[in-house]
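final04.tsv (TSV, N, CA and C atoms) appears below.
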chain	number	residue	atom	x	y	z
A	7	MET	N	18.94	4.25	-0.41
A	7	MET	CA	17.97	4.29	-1.49
A	7	MET	C	18.16	5.59	-2.27
A	8	LEU	N	18.17	5.49	-3.56
A	8	LEU	CA	18.28	6.65	-4.42
A	8	LEU	C	16.92	7.30	-4.61
A	9	CYS	N	16.91	8.61	-4.77
A	9	CYS	CA	15.66	9.30	-5.07
A	9	CYS	C	15.15	8.77	-6.41
A	10	GLY	N	13.91	8.33	-6.41
A	10	GLY	CA	13.31	7.79	-7.63
A	10	GLY	C	13.36	6.28	-7.71
A	11	GLY	N	14.32	5.65	-7.05
A	11	GLY	CA	14.40	4.19	-7.03
A	11	GLY	C	13.61	3.64	-5.86
A	12	SER	N	13.13	2.41	-5.99
A	12	SER	CA	12.38	1.83	-4.87
A	12	SER	C	13.30	1.00	-4.00
A	13	SER	N	12.92	0.89	-2.73
A	13	SER	CA	13.68	0.09	-1.78
A	13	SER	C	13.42	-1.39	-2.01
A	14	ALA	N	14.16	-2.22	-1.32
A	14	ALA	CA	13.88	-3.65	-1.31
A	14	ALA	C	12.61	-3.89	-0.50
A	15	ALA	N	11.90	-4.96	-0.80
A	15	ALA	CA	10.72	-5.32	-0.01
A	15	ALA	C	11.17	-5.70	1.39
A	16	ARG	N	10.38	-5.27	2.37
A	16	ARG	CA	10.67	-5.61	3.76
A	16	ARG	C	9.36	-5.84	4.51
A	17	PRO	N	9.42	-6.51	5.66
A	17	PRO	CA	8.19	-6.80	6.40
A	17	PRO	C	7.47	-5.51	6.80
A	18	ALA	N	6.15	-5.58	6.79
A	18	ALA	CA	5.33	-4.43	7.16
A	18	ALA	C	5.57	-4.04	8.61
A	19	THR	N	5.40	-2.76	8.87
A	19	THR	CA	5.57	-2.20	10.21
A	19	THR	C	4.22	-1.67	10.70
A	20	GLU	N	4.20	-1.20	11.94
A	20	GLU	CA	2.97	-0.58	12.45
A	20	GLU	C	2.58	0.62	11.59
A	21	GLU	N	3.57	1.41	11.17
A	21	GLU	CA	3.28	2.57	10.31
A	21	GLU	C	2.66	2.13	8.98
A	22	THR	N	3.21	1.05	8.40
A	22	THR	CA	2.67	0.55	7.13
A	22	THR	C	1.21	0.11	7.32
A	23	GLN	N	0.92	-0.55	8.42
A	23	GLN	CA	-0.45	-0.98	8.70
A	23	GLN	C	-1.38	0.22	8.83
A	24	ARG	N	-0.93	1.27	9.52
A	24	ARG	CA	-1.74	2.49	9.67
A	24	ARG	C	-2.02	3.12	8.31
A	25	ILE	N	-1.02	3.15	7.43
A	25	ILE	CA	-1.21	3.71	6.09
A	25	ILE	C	-2.25	2.91	5.34
A	26	ALA	N	-2.14	1.58	5.37
A	26	ALA	CA	-3.11	0.71	4.68
A	26	ALA	C	-4.52	0.94	5.23
A	27	GLU	N	-4.65	1.04	6.55
A	27	GLU	CA	-5.97	1.25	7.15
A	27	GLU	C	-6.58	2.59	6.74
A	28	GLN	N	-5.73	3.59	6.51
A	28	GLN	CA	-6.25	4.91	6.13
A	28	GLN	C	-6.84	4.94	4.73
A	29	VAL	N	-6.45	4.00	3.88
A	29	VAL	CA	-7.01	3.96	2.52
A	29	VAL	C	-7.98	2.79	2.32
A	30	LYS	N	-8.19	2.00	3.35
A	30	LYS	CA	-9.06	0.82	3.26
A	30	LYS	C	-10.46	1.18	2.78
A	31	ALA	N	-11.06	2.22	3.34
A	31	ALA	CA	-12.43	2.61	2.96
A	31	ALA	C	-12.51	2.96	1.48
A	32	GLN	N	-11.49	3.61	0.94
A	32	GLN	CA	-11.48	3.96	-0.49
A	32	GLN	C	-11.47	2.70	-1.35
A	33	ILE	N	-10.70	1.71	-0.95
A	33	ILE	CA	-10.63	0.46	-1.72
A	33	ILE	C	-11.94	-0.29	-1.61
A	34	GLU	N	-12.52	-0.34	-0.41
A	34	GLU	CA	-13.80	-1.02	-0.23
A	34	GLU	C	-14.88	-0.37	-1.10
A	35	GLU	N	-14.86	0.95	-1.18
A	35	GLU	CA	-15.84	1.65	-2.03
A	35	GLU	C	-15.63	1.30	-3.50
A	36	LYS	N	-14.37	1.30	-3.95
A	36	LYS	CA	-14.09	0.98	-5.35
A	36	LYS	C	-14.42	-0.48	-5.68
A	37	GLU	N	-14.18	-1.39	-4.73
A	37	GLU	CA	-14.42	-2.82	-4.95
A	37	GLU	C	-15.87	-3.21	-4.69
A	38	GLY	N	-16.61	-2.35	-3.98
A	38	GLY	CA	-18.00	-2.66	-3.67
A	38	GLY	C	-18.17	-3.76	-2.64
A	39	LYS	N	-17.20	-3.91	-1.75
A	39	LYS	CA	-17.29	-4.91	-0.69
A	39	LYS	C	-16.42	-4.47	0.48
A	40	THR	N	-16.66	-5.12	1.63
A	40	THR	CA	-15.86	-4.82	2.81
A	40	THR	C	-14.88	-5.97	3.05
A	41	PHE	N	-13.78	-5.64	3.68
A	41	PHE	CA	-12.75	-6.63	3.98
A	41	PHE	C	-12.66	-6.80	5.49
A	42	ASP	N	-12.97	-8.02	5.97
A	42	ASP	CA	-12.82	-8.31	7.39
A	42	ASP	C	-11.36	-8.40	7.78
A	43	VAL	N	-10.55	-8.84	6.84
A	43	VAL	CA	-9.09	-8.92	7.04
A	43	VAL	C	-8.46	-7.89	6.11
A	44	PHE	N	-7.55	-7.08	6.64
A	44	PHE	CA	-6.85	-6.08	5.82
A	44	PHE	C	-5.50	-5.84	6.50
A	45	THR	N	-4.59	-6.80	6.31
A	45	THR	CA	-3.33	-6.82	7.05
A	45	THR	C	-2.14	-6.59	6.12
A	46	ALA	N	-1.40	-5.51	6.38
A	46	ALA	CA	-0.18	-5.24	5.61
A	46	ALA	C	0.83	-6.33	5.91
A	47	VAL	N	1.43	-6.88	4.85
A	47	VAL	CA	2.38	-7.99	4.97
A	47	VAL	C	3.80	-7.53	4.70
A	48	GLU	N	3.98	-6.80	3.60
A	48	GLU	CA	5.30	-6.27	3.26
A	48	GLU	C	5.13	-4.98	2.48
A	49	PHE	N	6.24	-4.25	2.33
A	49	PHE	CA	6.16	-2.98	1.61
A	49	PHE	C	7.51	-2.59	1.03
A	50	LYS	N	7.41	-1.69	0.05
A	50	LYS	CA	8.57	-1.01	-0.53
A	50	LYS	C	8.25	0.48	-0.48
A	51	THR	N	9.28	1.29	-0.53
A	51	THR	CA	9.07	2.73	-0.63
A	51	THR	C	9.86	3.28	-1.81
A	52	GLN	N	9.39	4.41	-2.33
A	52	GLN	CA	10.06	5.12	-3.42
A	52	GLN	C	10.04	6.59	-3.06
A	53	LEU	N	11.22	7.20	-2.95
A	53	LEU	CA	11.29	8.63	-2.65
A	53	LEU	C	11.12	9.42	-3.93
A	54	VAL	N	10.13	10.28	-3.91
A	54	VAL	CA	9.87	11.21	-5.02
A	54	VAL	C	9.72	12.57	-4.35
A	55	ALA	N	8.80	13.41	-4.74
A	55	ALA	CA	8.52	14.65	-4.01
A	55	ALA	C	7.54	14.28	-2.90
A	56	GLY	N	7.97	13.38	-2.05
A	56	GLY	CA	7.18	12.72	-1.02
A	56	GLY	C	7.60	11.26	-1.06
A	57	THR	N	6.72	10.37	-0.63
A	57	THR	CA	7.05	8.94	-0.62
A	57	THR	C	5.90	8.13	-1.18
A	58	ASN	N	6.20	7.26	-2.15
A	58	ASN	CA	5.24	6.26	-2.61
A	58	ASN	C	5.45	5.02	-1.76
A	59	TYR	N	4.37	4.49	-1.22
A	59	TYR	CA	4.40	3.23	-0.50
A	59	TYR	C	3.74	2.18	-1.38
A	60	PHE	N	4.43	1.10	-1.62
A	60	PHE	CA	3.87	-0.06	-2.32
A	60	PHE	C	3.67	-1.11	-1.22
A	61	ILE	N	2.42	-1.46	-0.95
A	61	ILE	CA	2.10	-2.30	0.20
A	61	ILE	C	1.34	-3.54	-0.24
A	62	LYS	N	1.82	-4.71	0.17
A	62	LYS	CA	1.10	-5.96	-0.06
A	62	LYS	C	0.20	-6.18	1.15
A	63	VAL	N	-1.11	-6.34	0.88
A	63	VAL	CA	-2.10	-6.47	1.95
A	63	VAL	C	-2.85	-7.79	1.81
A	64	HIS	N	-2.92	-8.53	2.90
A	64	HIS	CA	-3.72	-9.76	2.94
A	64	HIS	C	-5.16	-9.35	3.19
A	65	VAL	N	-6.09	-9.79	2.33
A	65	VAL	CA	-7.50	-9.39	2.46
A	65	VAL	C	-8.40	-10.59	2.75
A	66	GLY	N	-7.83	-11.68	3.20
A	66	GLY	CA	-8.61	-12.85	3.57
A	66	GLY	C	-8.36	-14.03	2.65
A	67	ASN	N	-8.61	-15.23	3.20
A	67	ASN	CA	-8.36	-16.48	2.48
A	67	ASN	C	-6.95	-16.45	1.90
A	68	GLU	N	-6.82	-16.74	0.63
A	68	GLU	CA	-5.51	-16.69	-0.02
A	68	GLU	C	-5.38	-15.47	-0.91
A	69	GLU	N	-6.19	-14.43	-0.64
A	69	GLU	CA	-6.22	-13.25	-1.49
A	69	GLU	C	-5.37	-12.11	-0.92
A	70	PHE	N	-4.71	-11.43	-1.85
A	70	PHE	CA	-3.87	-10.29	-1.49
A	70	PHE	C	-4.14	-9.16	-2.48
A	71	MET	N	-3.83	-7.94	-2.07
A	71	MET	CA	-3.89	-6.77	-2.95
A	71	MET	C	-2.56	-6.04	-2.82
A	72	HIS	N	-2.19	-5.32	-3.87
A	72	HIS	CA	-1.03	-4.45	-3.83
A	72	HIS	C	-1.55	-3.02	-3.91
A	73	LEU	N	-1.13	-2.19	-2.96
A	73	LEU	CA	-1.56	-0.79	-2.90
A	73	LEU	C	-0.39	0.12	-3.25
A	74	ARG	N	-0.70	1.23	-3.88
A	74	ARG	CA	0.28	2.29	-4.09
A	74	ARG	C	-0.31	3.54	-3.44
A	75	VAL	N	0.33	3.98	-2.36
A	75	VAL	CA	-0.17	5.11	-1.57
A	75	VAL	C	0.90	6.19	-1.54
A	76	PHE	N	0.50	7.43	-1.80
A	76	PHE	CA	1.43	8.56	-1.80
A	76	PHE	C	1.31	9.34	-0.50
A	77	LYS	N	2.45	9.59	0.12
A	77	LYS	CA	2.52	10.43	1.32
A	77	LYS	C	3.35	11.65	0.96
A	78	SER	N	2.73	12.82	1.03
A	78	SER	CA	3.41	14.06	0.65
A	78	SER	C	4.47	14.44	1.69
A	79	LEU	N	5.27	15.42	1.34
A	79	LEU	CA	6.27	15.93	2.26
A	79	LEU	C	5.58	16.59	3.45
A	80	PRO	N	6.18	16.53	4.64
A	80	PRO	CA	5.52	17.05	5.85
A	80	PRO	C	5.05	18.50	5.75
A	81	HIS	N	5.82	19.36	5.11
A	81	HIS	CA	5.45	20.78	5.05
A	81	HIS	C	4.23	21.03	4.16
A	82	GLU	N	3.86	20.05	3.32
A	82	GLU	CA	2.70	20.21	2.44
A	82	GLU	C	1.39	19.92	3.16
A	83	ASN	N	1.49	19.22	4.30
A	83	ASN	CA	0.32	18.97	5.16
A	83	ASN	C	-0.86	18.39	4.39
A	84	GLU	N	-0.60	17.40	3.55
A	84	GLU	CA	-1.63	16.76	2.73
A	84	GLU	C	-2.01	15.40	3.32
A	85	GLN	N	-3.21	14.92	2.99
A	85	GLN	CA	-3.65	13.60	3.40
A	85	GLN	C	-2.94	12.54	2.55
A	86	LEU	N	-2.91	11.31	3.07
A	86	LEU	CA	-2.42	10.20	2.26
A	86	LEU	C	-3.33	10.05	1.05
A	87	SER	N	-2.76	9.64	-0.07
A	87	SER	CA	-3.53	9.51	-1.30
A	87	SER	C	-3.36	8.11	-1.88
A	88	LEU	N	-4.49	7.40	-2.07
A	88	LEU	CA	-4.45	6.11	-2.74
A	88	LEU	C	-4.25	6.39	-4.23
A	89	HIS	N	-3.07	6.08	-4.74
A	89	HIS	CA	-2.77	6.34	-6.15
A	89	HIS	C	-3.42	5.27	-7.03
A	90	SER	N	-3.21	4.00	-6.66
A	90	SER	CA	-3.76	2.88	-7.41
A	90	SER	C	-3.63	1.62	-6.58
A	91	TYR	N	-4.26	0.56	-7.08
A	91	TYR	CA	-4.14	-0.73	-6.41
A	91	TYR	C	-4.35	-1.84	-7.43
A	92	GLN	N	-3.90	-3.04	-7.06
A	92	GLN	CA	-4.06	-4.21	-7.91
A	92	GLN	C	-4.65	-5.33	-7.06
A	93	GLY	N	-5.74	-5.93	-7.53
A	93	GLY	CA	-6.36	-7.05	-6.84
A	93	GLY	C	-5.91	-8.37	-7.43
A	94	SER	N	-6.51	-9.44	-6.96
A	94	SER	CA	-6.24	-10.80	-7.45
A	94	SER	C	-4.75	-11.15	-7.39
A	95	LYS	N	-4.12	-10.80	-6.30
A	95	LYS	CA	-2.72	-11.14	-6.09
A	95	LYS	C	-2.63	-12.32	-5.13
A	96	THR	N	-1.48	-12.99	-5.13
A	96	THR	CA	-1.23	-14.10	-4.21
A	96	THR	C	-0.11	-13.71	-3.25
A	97	LYS	N	0.06	-14.54	-2.24
A	97	LYS	CA	1.11	-14.30	-1.25
A	97	LYS	C	2.49	-14.23	-1.90
A	98	HIS	N	2.68	-14.98	-2.98
A	98	HIS	CA	4.00	-15.08	-3.60
A	98	HIS	C	4.23	-14.09	-4.74
A	99	ASP	N	3.21	-13.31	-5.12
A	99	ASP	CA	3.40	-12.31	-6.18
A	99	ASP	C	4.37	-11.24	-5.69
A	100	GLU	N	5.35	-10.93	-6.54
A	100	GLU	CA	6.33	-9.91	-6.18
A	100	GLU	C	5.68	-8.53	-6.12
A	101	LEU	N	6.04	-7.78	-5.11
A	101	LEU	CA	5.57	-6.42	-4.96
A	101	LEU	C	6.45	-5.55	-5.85
A	102	ALA	N	5.90	-5.04	-6.94
A	102	ALA	CA	6.68	-4.30	-7.92
A	102	ALA	C	6.03	-2.93	-8.19
A	103	TYR	N	6.80	-2.06	-8.82
A	103	TYR	CA	6.30	-0.73	-9.21
A	103	TYR	C	5.12	-0.89	-10.16
A	104	PHE	N	4.07	-0.10	-9.92
A	104	PHE	CA	2.94	-0.06	-10.84
A	104	PHE	C	2.29	1.31	-10.79
For this file, produce the structure as structure tokens.
Amino acid sequence: MLCGGSSAARPATEETQRIAEQVKAQIEEKEGKTFDVFTAVEFKTQLVAGTNYFIKVHVGNEEFMHLRVFKSLPHENEQLSLHSYQGSKTKHDELAYF
């Protein structure tokens, strides 16, 4: 993967699920509801001055969300940051840069 370019989509890992869970409360607050289901399905990464994670999350029924989460470089010792998210997605919507 080139710095600045995003990787191919791949199945979510335990690490991807942990990242999604760490920003779940922020999304619930912004959406004004809680999610009983919040399962990372697939993800892409983009290397910048840290890593952007683009994560497709199943939130119940046939609904999905796309998350963009920034993880800083280890020496910066920063928390994960929810950059943005997109709701009203489906299982088949491509996970793309946003």
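Between A:Thr19 and the residues A:Leu86, A:Ile33, A:Val47, A:Val54, the shortest atom-to-atom distance, using only N, CA and C atoms, involves A:Val47.
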Kindly provide, as a PDB file with N, CA and C atoms, in the frame of the given file, the polymer residues lying within 8 Å of (5.8, -10.2, -1.2), counting all atoms listed in the file and using the coordinates exactly as they appear in the file.
ATOM      1  N   ALA A  15      11.900  -4.960  -0.800  1.00  0.00           N
ATOM      2  CA  ALA A  15      10.720  -5.320  -0.010  1.00  0.00           C
ATOM      3  C   ALA A  15      11.170  -5.700   1.390  1.00  0.00           C
ATOM      4  N   ARG A  16      10.380  -5.270   2.370  1.00  0.00           N
ATOM      5  CA  ARG A  16      10.670  -5.610   3.760  1.00  0.00           C
ATOM      6  C   ARG A  16       9.360  -5.840   4.510  1.00  0.00           C
ATOM      7  N   VAL A  47       1.430  -6.880   4.850  1.00  0.00           N
ATOM      8  CA  VAL A  47       2.380  -7.990   4.970  1.00  0.00           C
ATOM      9  C   VAL A  47       3.800  -7.530   4.700  1.00  0.00           C
ATOM     10  N   GLU A  48       3.980  -6.800   3.600  1.00  0.00           N
ATOM     11  CA  GLU A  48       5.300  -6.270   3.260  1.00  0.00           C
ATOM     12  C   GLU A  48       5.130  -4.980   2.480  1.00  0.00           C
ATOM     13  N   PHE A  49       6.240  -4.250   2.330  1.00  0.00           N
ATOM     14  CA  PHE A  49       6.160  -2.980   1.610  1.00  0.00           C
ATOM     15  C   PHE A  49       7.510  -2.590   1.030  1.00  0.00           C
ATOM     16  N   LYS A  62       1.820  -4.710   0.170  1.00  0.00           N
ATOM     17  CA  LYS A  62       1.100  -5.960  -0.060  1.00  0.00           C
ATOM     18  C   LYS A  62       0.200  -6.180   1.150  1.00  0.00           C
ATOM     19  N   THR A  96      -1.480 -12.990  -5.130  1.00  0.00           N
ATOM     20  CA  THR A  96      -1.230 -14.100  -4.210  1.00  0.00           C
ATOM     21  C   THR A  96      -0.110 -13.710  -3.250  1.00  0.00           C
ATOM     22  N   LYS A  97       0.060 -14.540  -2.240  1.00  0.00           N
ATOM     23  CA  LYS A  97       1.110 -14.300  -1.250  1.00  0.00           C
ATOM     24  C   LYS A  97       2.490 -14.230  -1.900  1.00  0.00           C
ATOM     25  N   HIS A  98       2.680 -14.980  -2.980  1.00  0.00           N
ATOM     26  CA  HIS A  98       4.000 -15.080  -3.600  1.00  0.00           C
ATOM     27  C   HIS A  98       4.230 -14.090  -4.740  1.00  0.00           C
ATOM     28  N   ASP A  99       3.210 -13.310  -5.120  1.00  0.00           N
ATOM     29  CA  ASP A  99       3.400 -12.310  -6.180  1.00  0.00           C
ATOM     30  C   ASP A  99       4.370 -11.240  -5.690  1.00  0.00           C
ATOM     31  N   GLU A 100       5.350 -10.930  -6.540  1.00  0.00           N
ATOM     32  CA  GLU A 100       6.330  -9.910  -6.180  1.00  0.00           C
ATOM     33  C   GLU A 100       5.680  -8.530  -6.120  1.00  0.00           C
ATOM     34  N   LEU A 101       6.040  -7.780  -5.110  1.00  0.00           N
ATOM     35  CA  LEU A 101       5.570  -6.420  -4.960  1.00  0.00           C
ATOM     36  C   LEU A 101       6.450  -5.550  -5.850  1.00  0.00           C
ATOM     37  N   ALA A 102       5.900  -5.040  -6.940  1.00  0.00           N
ATOM     38  CA  ALA A 102       6.680  -4.300  -7.920  1.00  0.00           C
ATOM     39  C   ALA A 102       6.030  -2.930  -8.190  1.00  0.00           C
TER      40      ALA A 102
END
(request) Quick one: pull the distance between atom CA of A:Pro17 and atom C of A:Ala46, Å, one decimal. (result) 7.4 Å
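When all atoms listed in the file are used to measure the gap to A:Thr45, the shortest distance among A:Val75, A:Ala26, A:Ala14, A:Ala31 belongs to A:Ala26.
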(message) I'd like to know which of A:Gln28, A:Phe104, A:Glu35, A:Thr22 is closest to A:Gln85, using only C-alpha atoms.
(response) A:Gln28
(request) Could you please write out, as JSON, numbers by chain, every residue of chain A that DSSP assigns to strand (DSSP E)? (result) {"A": [16, 17, 45, 46, 47, 48, 49, 50, 51, 52, 53, 54, 56, 57, 58, 59, 60, 61, 62, 63, 64, 65, 66, 69, 70, 71, 72, 73, 74, 75, 76, 77, 78, 87, 88, 89, 90, 91, 92, 93, 94, 95]}
(request) Provide the atom CA of A:Gly93 to atom N of A:Met71 distance in Å, to one decimal place. (result) 5.5 Å
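Around A:Tyr91, within 5 Å and counting only N, CA and C atoms, the residues found are His72, Leu73 and Arg74 of chain A, once anything fewer than 4 positions away on its own chain is removed.
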(request) Find the residue from A:Ser12, A:Ile25, A:Thr40, A:His81 that sits nearest to A:Tyr103; use only N, CA and C atoms when measuring. (result)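 With only N, CA and C atoms as the atom set, the closest residue is A:Ser12.
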(message) Which residue is closest to A:Glu84? Choose from A:Val63, A:Gly56, A:Glu20, A:Glu68 and count only C-alpha atoms.
(response)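 Ranked by minimum distance to A:Glu84, first place goes to A:Gly56.
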(message) Please report the interatomic distance between atom CA of A:Glu34 and atom CA of A:Asn83 in Å with one decimal.
(response)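 Spanning atom CA of A:Glu34 to atom CA of A:Asn83 is a straight-line distance of 25.1 Å.
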(message) Restricting the calculation to only N, CA and C atoms: of A:Phe70, A:Ser90, A:Glu82, A:Ser13, which residue gets closest to A:Lys50?
(response) A:Ser13
(request) Could you please write out, as a PyMOL selection string, every residue of chain A that DSSP assigns to alpha helix (DSSP H)? (result) chain A and resi 20-37
